[in-house]
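Colleague: One structure is given below, represented as structure tokens, and several questions about it will come after.
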Amino acid sequence: MLDIAQRLEGLTRHASTHAAGVVIAPRPITEFLPLHKQAGAKEEVTTQYSKDEIEQLGLLKMDFLGLRTLTILHDALDLIRSGSGQPPDLDAVPLDDRATLELFGRGETDGVFQFESGGMKDILRRLKPKRFEDLIVLNALYRPGPLDAGMIPEYIARAHGKKESGSTLKEVAPILDETLGVIVYQEQVMVIAHKVAGFTLGQADTLRKAMSKKDPAAIDRQKEAFLEGCRKRGVDARKAEEIFANMATFGRYGFNKSHSAAYALVAFQTAYLKAHFPSAFMAATLSAWSENTDEILKYMNSCRDMGIVLLPPDVNASGVGFTLDGPAIRYGLSAIKNVGQSSVEAILAARGRCGRFRDLFHFCEEVDRIQLNRRVLENLVQAGALDGFGVPRWDLFATLDPAMAHAARLQDDRQRGQGALFGAEEDSAPPPYAKGERWTDHERYSREKESLGFYLTGHPLMEKEHRLRRYITHTLKELDHLSEAAEVTVGGVVGNLRQRKSKKGDMYAVVHLEDMESHVDALLFSETYTRCIGRVAKDEAVLVVGRAVLDEDKVKLIASAVVPLDRAEEELDQKTAGVLLRVPATLCDEDWLGDLEGLLQKHRGGVPVFMDLVREGEAVTRLMLGSDCRVDAGKALLPELESFLGKDRVRFLFRAGNGGQGVEKRA
């Protein structure tokens with residue numbers, strides 16, 4: 001086995017394809033290296049040599065990246081143009097545009113290239129960029145190495161004047177002025193070596209590589225050359241040592257400014273469109289992600305936060321993708337499930353030929369019936385795309401078969417060139433609409449979700465959202481920002497329920513929980529499954545108490561109790577482990593705290609009270625109030641607390657139940 005292993009060691013394991021790598025040669029590439037054709041691939045041909053061997057041969061390997069953001073920019077400009085607006089020249093966007101920089105400063109960067117993550121938003125709110133160069137710096141520093149080294153807080157402190165900015169060494173000060181004295185870019189390392197120590201640009205690049213690869217031996221060799229160069233140019237030896245030490249400390253984290261600046265420019269262009277043409281930008285973004293339900297839901301919520309109305313699909317108004325309808329965005333037909341591209345094209349072709357569709361019968365008559373089967377029609381009805389006909393969805397649903405049969409007769413007659421026997425009016429008149437069984441709001445929302453992947457015009461939690469927020473510690477979206485496992489109480493609608501049997505033969509369940517912004521999978525293991533499975537039903541609103549854990553960058557919930565939302569008030573006394581007050585830190589002066597203490601003592605009891613102090617852009621601080629502030633968490637407490645604090649600032653914390661951990665231990 002060892003003999004075979006030694007013969008295999010170092011051999012190529014398999015052929016893989018670089019995501020964006022292209023090899024460029026001055027003559028036919030087969031004169032330089034062998035090629036490989038992937039099994040089953042029609043066009044895809046790759047080199048048999050790896051990138052290192054290719055570079056040793058002297059060939060050029062370039063990475064050509066395809067960015068979805070560039071498509072969004074292009075489509076947004078087209079939407080502005082189609083709305084009779086004048087699209088901006090993105091190549092001439094003023095890089096000191098105040099509205100765009102303020103958008104970055106508020107952290108409202110959903111959809112903005114490279115600046116969407118929660119961590120980056122927090123940094124933007126702290127820095128509040130004042131110039132385009134700040135964005136280039138953040139692109140370069142928002143990586144594990146610089147973050148661990150504390151370079152971003154250092155840069156922010158200098159930008160806000162809390163620390164001295166600029167280098168104290170006059171030899172390098174002009175080179176580092178743009179980054180406030182912090183070495184951020186690899187190019188700065190090269191320029192320092194060139195200007196201060198007299199390195200050629202080739203030698204400076206060798207120094208850059210040694211520092212970026214953190215090669216101690218190579219760095220020592222470069223240090224000797226650097227100090228010798230400084231000595232020849234009359235630079236003080238102590239200063240030369242200090243300059244090199246500074247380069248060695250920060251240079252290892254250096255990033256290509258050329259790369260960072262290009263990405264920052266694309267980010268600024270997207271943010272400019274979002275600031276000045278928000279509806280067009282968000283419509284283009286939604287179209288670009290139309291195949292991804294999670295991303296659509298995220299950007300739908302962004303639209304809601306921005307005050308942009310998202311209209312349901314409409315066969316008389318929608319295009320293939322998301323389009324503008326005045327200041328609102330109209331949902332695209334291609335984003336409806338089970339409505340394929342050919343069906344959408346047939347609908348748009350018929351609309352272009354005959355104008356607006358008058359009703360369901362006219363719609364079925366005009367659209368090629370091969371592309372308009374019952375499944376397509378059902379999803380159009382459920383998604384609300386036929387609401388414009390002024391007929392309830394349940395009646396439309398009940399009329400699908402007669403409408404399709406009527407359309408089939410007319411289309412067959414057209415193909416045969418046969419007119420109506422006794423006149424067009426009598427034989428071609430459509431039948432009346434059938435009367436279907438009325439859908440409840442709950443059923444209408446559920447069917448809409450079935451066809452769109454989420455709730456659009458309404459949500460089962462809409463009427464219950466205020467009550468839900470009284471009891472939860474986190475929304476489902478907030479779970480995504482947890483940095484470690486935590487005990488939580490969350491709520492939502494049961495979207496799906498899968499019951500399974502473990503290898504030991506124990507039953508467990510996976511509950512897909514959804515609220516108005518996000519979703520999460522909750523696991524009900526054996527004991528919890530036995531106790532709670534009867535309380536879990538599809539499309540029902542529930543509270544789930546449990547432990548949120550991180551699993552490969554995704555959050556999963558290990559449930560320890562499930563409470564139907566409608567029964568939360570009845571079961572409150574049995575399971576309440578605490579009352580949580582979410583309080584802006586700006587409220588907490590001495591007089592206000594005295595009034596709060598008096599209110600809590602008026603409802604004295606045995607339930608502890610916790611206070612989350614909320615400061616914008618900072619981590620929430622949770623405090624446990626003293627024992628003299630424990631309360632009776634009955635019905636009388638809530639109205640008074642909400643009147644004192646404001647709506648949605650009072651939440652109840654549940655014990656996990658039957659051996660679960662109370663909030664006292666969590667705090």
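We label chains A, B, ... in the order they appear in the structure tokens, count residues from 1 in each chain, and number ligands from 1 in the order shown.
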Name all residues at most 8 Å from stretch 316-319 of chain A (count only C-alpha atoms; drop same-chain ones fewer than 3 positions away) and give them as a PyMOL selection string.

Modeller: chain A and resi 313+322-323+330-333+348+351+356-357+388

Colleague: So which residues touch A:Thr30 within 12 Å, counting only C-alpha atoms, skipping near sequence neighbours fewer than 6 positions away, as a PyMOL selection string?

Modeller: chain A and resi 23-24+36+45-49

Colleague: Store the residues of this selection in a file with N, CA and C atoms, as a PDB file, in the first residue's frame.

Modeller:
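Done, and the output landed in out-v1.pdb:
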```pdb
ATOM      1  N   VAL A  23      -6.579  31.388 -20.634  1.00  0.00           N
ATOM      2  CA  VAL A  23      -5.167  31.363 -21.006  1.00  0.00           C
ATOM      3  C   VAL A  23      -5.006  31.997 -22.383  1.00  0.00           C
ATOM      4  N   ILE A  24      -4.021  32.904 -22.492  1.00  0.00           N
ATOM      5  CA  ILE A  24      -3.810  33.663 -23.726  1.00  0.00           C
ATOM      6  C   ILE A  24      -2.418  33.340 -24.257  1.00  0.00           C
ATOM      7  N   HIS A  36      -7.632  19.551 -22.796  1.00  0.00           N
ATOM      8  CA  HIS A  36      -8.493  18.525 -22.210  1.00  0.00           C
ATOM      9  C   HIS A  36      -9.942  18.918 -22.455  1.00  0.00           C
ATOM     10  N   VAL A  45     -13.324  23.512 -23.250  1.00  0.00           N
ATOM     11  CA  VAL A  45     -11.989  22.933 -23.390  1.00  0.00           C
ATOM     12  C   VAL A  45     -11.082  23.605 -22.372  1.00  0.00           C
ATOM     13  N   THR A  46     -10.293  22.811 -21.666  1.00  0.00           N
ATOM     14  CA  THR A  46      -9.380  23.357 -20.656  1.00  0.00           C
ATOM     15  C   THR A  46      -7.958  22.890 -20.933  1.00  0.00           C
ATOM     16  N   THR A  47      -6.994  23.569 -20.314  1.00  0.00           N
ATOM     17  CA  THR A  47      -5.599  23.141 -20.431  1.00  0.00           C
ATOM     18  C   THR A  47      -5.361  21.957 -19.502  1.00  0.00           C
ATOM     19  N   GLN A  48      -4.423  21.108 -19.895  1.00  0.00           N
ATOM     20  CA  GLN A  48      -4.062  19.998 -19.015  1.00  0.00           C
ATOM     21  C   GLN A  48      -3.052  20.427 -17.954  1.00  0.00           C
ATOM     22  N   TYR A  49      -2.419  21.584 -18.163  1.00  0.00           N
ATOM     23  CA  TYR A  49      -1.464  22.078 -17.182  1.00  0.00           C
ATOM     24  C   TYR A  49      -2.182  22.985 -16.187  1.00  0.00           C
TER      25      TYR A  49
END
```

Colleague: Go through A:Asp294, A:Gly111, A:Gly58, A:Ala633 one by one, measure the shortest atom-to-atom distance of each to A:Pro26 using only C-alpha atoms, and give the residue with the smallest value.

Modeller: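 Once distances to A:Pro26 are computed over only C-alpha atoms, the minimum belongs to A:Gly58.
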
Colleague: If DSSP is run on the backbone, what residues of stretch 525-647 of chain A are alpha helix (DSSP H)? A reply as a PyMOL selection string would be ideal.

Modeller: chain A and resi 526-532+568-575+590-602+637-645

Colleague: Output C-alpha atoms for every residue in that selection, as a PDB file, in the first residue's frame.

Modeller:
```pdb
ATOM      1  CA  SER A 526     -37.352  13.132  20.532  1.00  0.00           C
ATOM      2  CA  GLU A 527     -38.570  14.556  23.862  1.00  0.00           C
ATOM      3  CA  THR A 528     -39.733  17.872  22.417  1.00  0.00           C
ATOM      4  CA  TYR A 529     -41.305  16.036  19.468  1.00  0.00           C
ATOM      5  CA  THR A 530     -43.384  13.832  21.785  1.00  0.00           C
ATOM      6  CA  ARG A 531     -44.506  16.785  23.877  1.00  0.00           C
ATOM      7  CA  CYS A 532     -45.137  19.358  21.146  1.00  0.00           C
ATOM      8  CA  ALA A 568     -49.556  32.370  24.341  1.00  0.00           C
ATOM      9  CA  GLU A 569     -51.574  34.615  26.633  1.00  0.00           C
ATOM     10  CA  GLU A 570     -53.234  31.658  28.401  1.00  0.00           C
ATOM     11  CA  GLU A 571     -49.905  29.918  28.974  1.00  0.00           C
ATOM     12  CA  LEU A 572     -47.979  33.052  29.889  1.00  0.00           C
ATOM     13  CA  ASP A 573     -48.140  32.617  33.675  1.00  0.00           C
ATOM     14  CA  GLN A 574     -46.835  29.050  33.444  1.00  0.00           C
ATOM     15  CA  LYS A 575     -43.854  29.756  31.210  1.00  0.00           C
ATOM     16  CA  GLU A 590     -32.344  59.487  36.426  1.00  0.00           C
ATOM     17  CA  ASP A 591     -35.923  60.803  36.386  1.00  0.00           C
ATOM     18  CA  TRP A 592     -37.054  58.366  33.708  1.00  0.00           C
ATOM     19  CA  LEU A 593     -35.493  55.400  35.504  1.00  0.00           C
ATOM     20  CA  GLY A 594     -37.231  56.447  38.732  1.00  0.00           C
ATOM     21  CA  ASP A 595     -40.615  56.487  36.966  1.00  0.00           C
ATOM     22  CA  LEU A 596     -39.926  53.037  35.485  1.00  0.00           C
ATOM     23  CA  GLU A 597     -39.000  51.650  38.904  1.00  0.00           C
ATOM     24  CA  GLY A 598     -42.243  52.990  40.383  1.00  0.00           C
ATOM     25  CA  LEU A 599     -44.297  51.372  37.616  1.00  0.00           C
ATOM     26  CA  LEU A 600     -42.591  47.993  38.071  1.00  0.00           C
ATOM     27  CA  GLN A 601     -43.024  48.064  41.859  1.00  0.00           C
ATOM     28  CA  LYS A 602     -46.723  48.742  41.346  1.00  0.00           C
ATOM     29  CA  LEU A 637     -48.745  44.861  33.331  1.00  0.00           C
ATOM     30  CA  LEU A 638     -48.496  44.953  29.537  1.00  0.00           C
ATOM     31  CA  PRO A 639     -50.770  47.931  28.732  1.00  0.00           C
ATOM     32  CA  GLU A 640     -49.058  50.138  31.301  1.00  0.00           C
ATOM     33  CA  LEU A 641     -45.560  49.202  30.145  1.00  0.00           C
ATOM     34  CA  GLU A 642     -46.484  49.812  26.504  1.00  0.00           C
ATOM     35  CA  SER A 643     -48.041  53.153  27.399  1.00  0.00           C
ATOM     36  CA  PHE A 644     -44.862  54.136  29.246  1.00  0.00           C
ATOM     37  CA  LEU A 645     -42.271  52.755  26.788  1.00  0.00           C
TER      38      LEU A 645
END
```

Colleague: Based on DSSP run over this structure's backbone, return all residues of stretch 453-570 of chain A in strand (DSSP E or B), as a VMD selection string.

Modeller: chain A and resid 486 to 501 507 to 514 519 to 524 541 to 551 554 to 564

Colleague: As a list in words, please: the residues near stretch 253-264 of chain A (cut-off 6 Å, only C-alpha atoms, same-chain neighbours under 5 positions excluded).

Modeller: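 In the requested format, the answer is Leu135, Ile136, Asn139, Ala140, Pro146, Val184, Tyr185 and Gln186 of chain A.
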